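Notes for the one structure printed next.
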Amino acid sequence: MKIEKSVAIVTGANRGIGRSLVASLVRSGASRIYAAGRDLKALEPVVALDPKRVVALKLDVTSERDVEAAAKSAPDVNLLINNAGVLASYNILASSKEQVTEDFAVNFYGVLAVVKAFLPALERANGAAIANILTVVSLASRPVIGGYSASKAAAFSLTQSLRPELKAKKIDVHTVIPGAVDTDMIRAFPISKTSPDVVADAIVSGIQRGDEDILTDAMAQEAFQGWLKNPKEFERYFGAL
Ligand SMILES: NC(=O)c1ccc[n+]([C@@H]2O[C@H](COP(=O)([O-])OP(=O)(O)OC[C@H]3O[C@@H](n4cnc5c(N)ncnc54)[C@H](OP(=O)(O)O)[C@@H]3O)[C@@H](O)[C@H]2O)c1
């Protein structure tokens with residue numbers, strides 16, 4: 001879809017990839033960008049990127065009330081970017097039920113709730129798109145972050161089930177797969193990471209081109225190719241990392 005003159009919403013827009021996505025959409029000519037986040041105060045610097053086009057929206061994706069209110073306040077959206085995410089659980093056996101539940105609440109149920117709430121607006125747009133920010137560990141689990149991996153694998157499956165379902169409604173559904181990105185989420189991991197600005201630009205370009213699977217960086221491209229070539233070998237490789 002064309003980004004110029006589009007009306008987008010980005011969840012988790014106050015920092016990390018979400019904030020970079022808002023900046024990228026501003027540069028690409030979106031006419032309005034709803035920057036959604038749990039804390040309106042934390043969104044002030046994001047609105048300052050372009051106060052005429054960026055609108056702050058209170059949205060905790062786990063709150064039914066917030067999700068309903070956000071969909072009412074933003075009835076003109078034709079591009080939904082489900083970016084909000086958490087890494088609450090690590091090794092699946094060592095994590096508490098609460099930690100794993102939090103990962104699923106945000107990374108899976110949050111995405112599902114936001115998609116359902118914004119569907120009427122996306123249908124009305126008569127040409128719209130949804131981009132779900134997944135990860136290489138949606139493809140195969142990395143046991144050190146096994147709980148998070150499981151929630152993101154569920155979100156991958158959700159994305160696959162939305163795509164054919166929404167095709168008839170002229171809504172493109174994009175799978176977005178970043179590798180390691182330099183944000184708060186993996187601050188403590190001593191690995192090579194891509195800048196969130198580079199990742200955000202790759203996401204916006206992929207949406208414009210209509211790519212079904214948007215692989216935002218070299219790590220994501222390599223992982224996706226490995227998974228396509230031999231999923232079992234890829235599972236063993238990730239399992240041993
Ligand atoms: N960093 C990576 O290496 C990497 C790689 C692949 C995929 N991803 C995915 O990319 C997305 C963005 O992550 P990031 O790297 O930018 O991480 P981040 O810097 O930790 O940002 C996470 C964002 O999600 C928001 N969020 C968390 N829980 C929320 C909730 N219940 N409702 C609404 N917003 C919520 C956070 O808001 P608060 O400030 O209020 O907490 C924050 O804005 C996530 O889906 C993540 O899984 C990240």
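Ligands are numbered from 1 in the order shown, residues from 1 within each chain, and chains are lettered A, B, ... in the order they appear in the structure tokens.
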- Task: Collect all residues with atoms no farther than 9 Å from ligand 1, counting only C-alpha atoms and all ligand atoms, and output them as number ranges by chain.
- Result: A: 11-20, 36-39, 42, 58-63, 82-87, 102-103, 105-107, 110, 132-137, 148, 152, 176-187, 193-194, 196, 220
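With only C-alpha atoms as the atoms that count, the minimum distance from Ser205 (chain A) to the choices A:Ile3, A:Ile130, A:Ala70, A:Leu166 is reached by A:Ile3.
Per DSSP on the backbone, strand (DSSP E or B) in region 40-135 of chain A comprises Val54, Val55, Ala56, Leu57, Lys58, Leu79, Leu80, Ile81, Asn82, Ala128, Ala129, Ile130, Ala131, Asn132 and Ile133 of chain A.
When only C-alpha atoms are used to measure the gap to Pro120 (chain A), the shortest distance among A:Glu233, A:Asp211, A:Asp50, A:Glu68 belongs to A:Glu68.
Among A:Val111, A:Leu49, A:Ile92, A:Val173, the residue with the shortest atom-to-atom distance to Glu212 (chain A), counting only C-alpha atoms, is A:Val173.
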Considering only C-alpha atoms, return as a PDB file with N, CA, C and O atoms, in the first residue's frame whatever protein or nucleic-acid residues lie within 9 Å of Asp172 (chain A), sequence-local ones (same chain, fewer than 4 positions apart) excluded.
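Printed below is result.pdb as written:
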ATOM      1  N   MET A   1       0.841  -1.205   0.000  1.00  0.00           N
ATOM      2  CA  MET A   1       0.000   0.000   0.000  1.00  0.00           C
ATOM      3  C   MET A   1       0.872   1.249   0.000  1.00  0.00           C
ATOM      4  O   MET A   1       2.012   1.222   0.448  1.00  0.00           O
ATOM      5  N   GLY A 127      -8.858  -0.868   1.135  1.00  0.00           N
ATOM      6  CA  GLY A 127      -7.442  -0.913   0.739  1.00  0.00           C
ATOM      7  C   GLY A 127      -6.620  -0.545   1.963  1.00  0.00           C
ATOM      8  O   GLY A 127      -6.425   0.641   2.232  1.00  0.00           O
ATOM      9  N   ALA A 128      -6.224  -1.558   2.722  1.00  0.00           N
ATOM     10  CA  ALA A 128      -5.574  -1.286   4.007  1.00  0.00           C
ATOM     11  C   ALA A 128      -4.496  -2.335   4.264  1.00  0.00           C
ATOM     12  O   ALA A 128      -4.317  -3.268   3.466  1.00  0.00           O
ATOM     13  N   ALA A 129      -3.782  -2.169   5.368  1.00  0.00           N
ATOM     14  CA  ALA A 129      -2.737  -3.149   5.697  1.00  0.00           C
ATOM     15  C   ALA A 129      -2.566  -3.286   7.206  1.00  0.00           C
ATOM     16  O   ALA A 129      -2.807  -2.340   7.966  1.00  0.00           O
ATOM     17  N   ILE A 130      -2.149  -4.496   7.578  1.00  0.00           N
ATOM     18  CA  ILE A 130      -1.764  -4.790   8.968  1.00  0.00           C
ATOM     19  C   ILE A 130      -0.332  -5.317   8.904  1.00  0.00           C
ATOM     20  O   ILE A 130      -0.022  -6.185   8.080  1.00  0.00           O
ATOM     21  N   ALA A 131       0.552  -4.800   9.778  1.00  0.00           N
ATOM     22  CA  ALA A 131       1.911  -5.355   9.880  1.00  0.00           C
ATOM     23  C   ALA A 131       2.116  -5.801  11.313  1.00  0.00           C
ATOM     24  O   ALA A 131       1.986  -5.000  12.242  1.00  0.00           O
ATOM     25  N   ARG A 163      -4.096 -13.611   7.132  1.00  0.00           N
ATOM     26  CA  ARG A 163      -3.774 -13.210   5.746  1.00  0.00           C
ATOM     27  C   ARG A 163      -4.837 -13.664   4.735  1.00  0.00           C
ATOM     28  O   ARG A 163      -5.407 -12.818   4.037  1.00  0.00           O
ATOM     29  N   LEU A 166      -8.392 -12.025   5.410  1.00  0.00           N
ATOM     30  CA  LEU A 166      -8.606 -10.591   5.177  1.00  0.00           C
ATOM     31  C   LEU A 166      -8.348 -10.168   3.735  1.00  0.00           C
ATOM     32  O   LEU A 166      -8.610  -9.025   3.369  1.00  0.00           O
ATOM     33  N   LYS A 167      -7.853 -11.118   2.931  1.00  0.00           N
ATOM     34  CA  LYS A 167      -7.555 -10.799   1.521  1.00  0.00           C
ATOM     35  C   LYS A 167      -8.805 -10.274   0.806  1.00  0.00           C
ATOM     36  O   LYS A 167      -8.753  -9.267   0.100  1.00  0.00           O
ATOM     37  N   ILE A 207       6.189  -2.567   3.462  1.00  0.00           N
ATOM     38  CA  ILE A 207       4.726  -2.369   3.381  1.00  0.00           C
ATOM     39  C   ILE A 207       4.393  -1.704   2.038  1.00  0.00           C
ATOM     40  O   ILE A 207       3.456  -2.118   1.347  1.00  0.00           O
ATOM     41  N   GLY A 210       4.534  -4.122  -0.700  1.00  0.00           N
ATOM     42  CA  GLY A 210       3.561  -5.208  -0.590  1.00  0.00           C
ATOM     43  C   GLY A 210       4.203  -6.548  -0.276  1.00  0.00           C
ATOM     44  O   GLY A 210       3.639  -7.601  -0.583  1.00  0.00           O
ATOM     45  N   GLU A 212       4.958  -9.816   1.525  1.00  0.00           N
ATOM     46  CA  GLU A 212       4.236 -10.590   2.546  1.00  0.00           C
ATOM     47  C   GLU A 212       5.098 -10.758   3.790  1.00  0.00           C
ATOM     48  O   GLU A 212       4.652 -10.570   4.914  1.00  0.00           O
TER      49      GLU A 212
END
- Message: Report, in Å to a single decimal, how far apart CA of Ala140 (chain A) and CA of Pro190 (chain A) are.
- Response: 20.7 Å
- Nearest to Val115 (chain A) by atom-to-atom distance, counting only C-alpha atoms, from A:Ser89, A:Ser195, A:Ser151, A:Thr159: A:Thr159
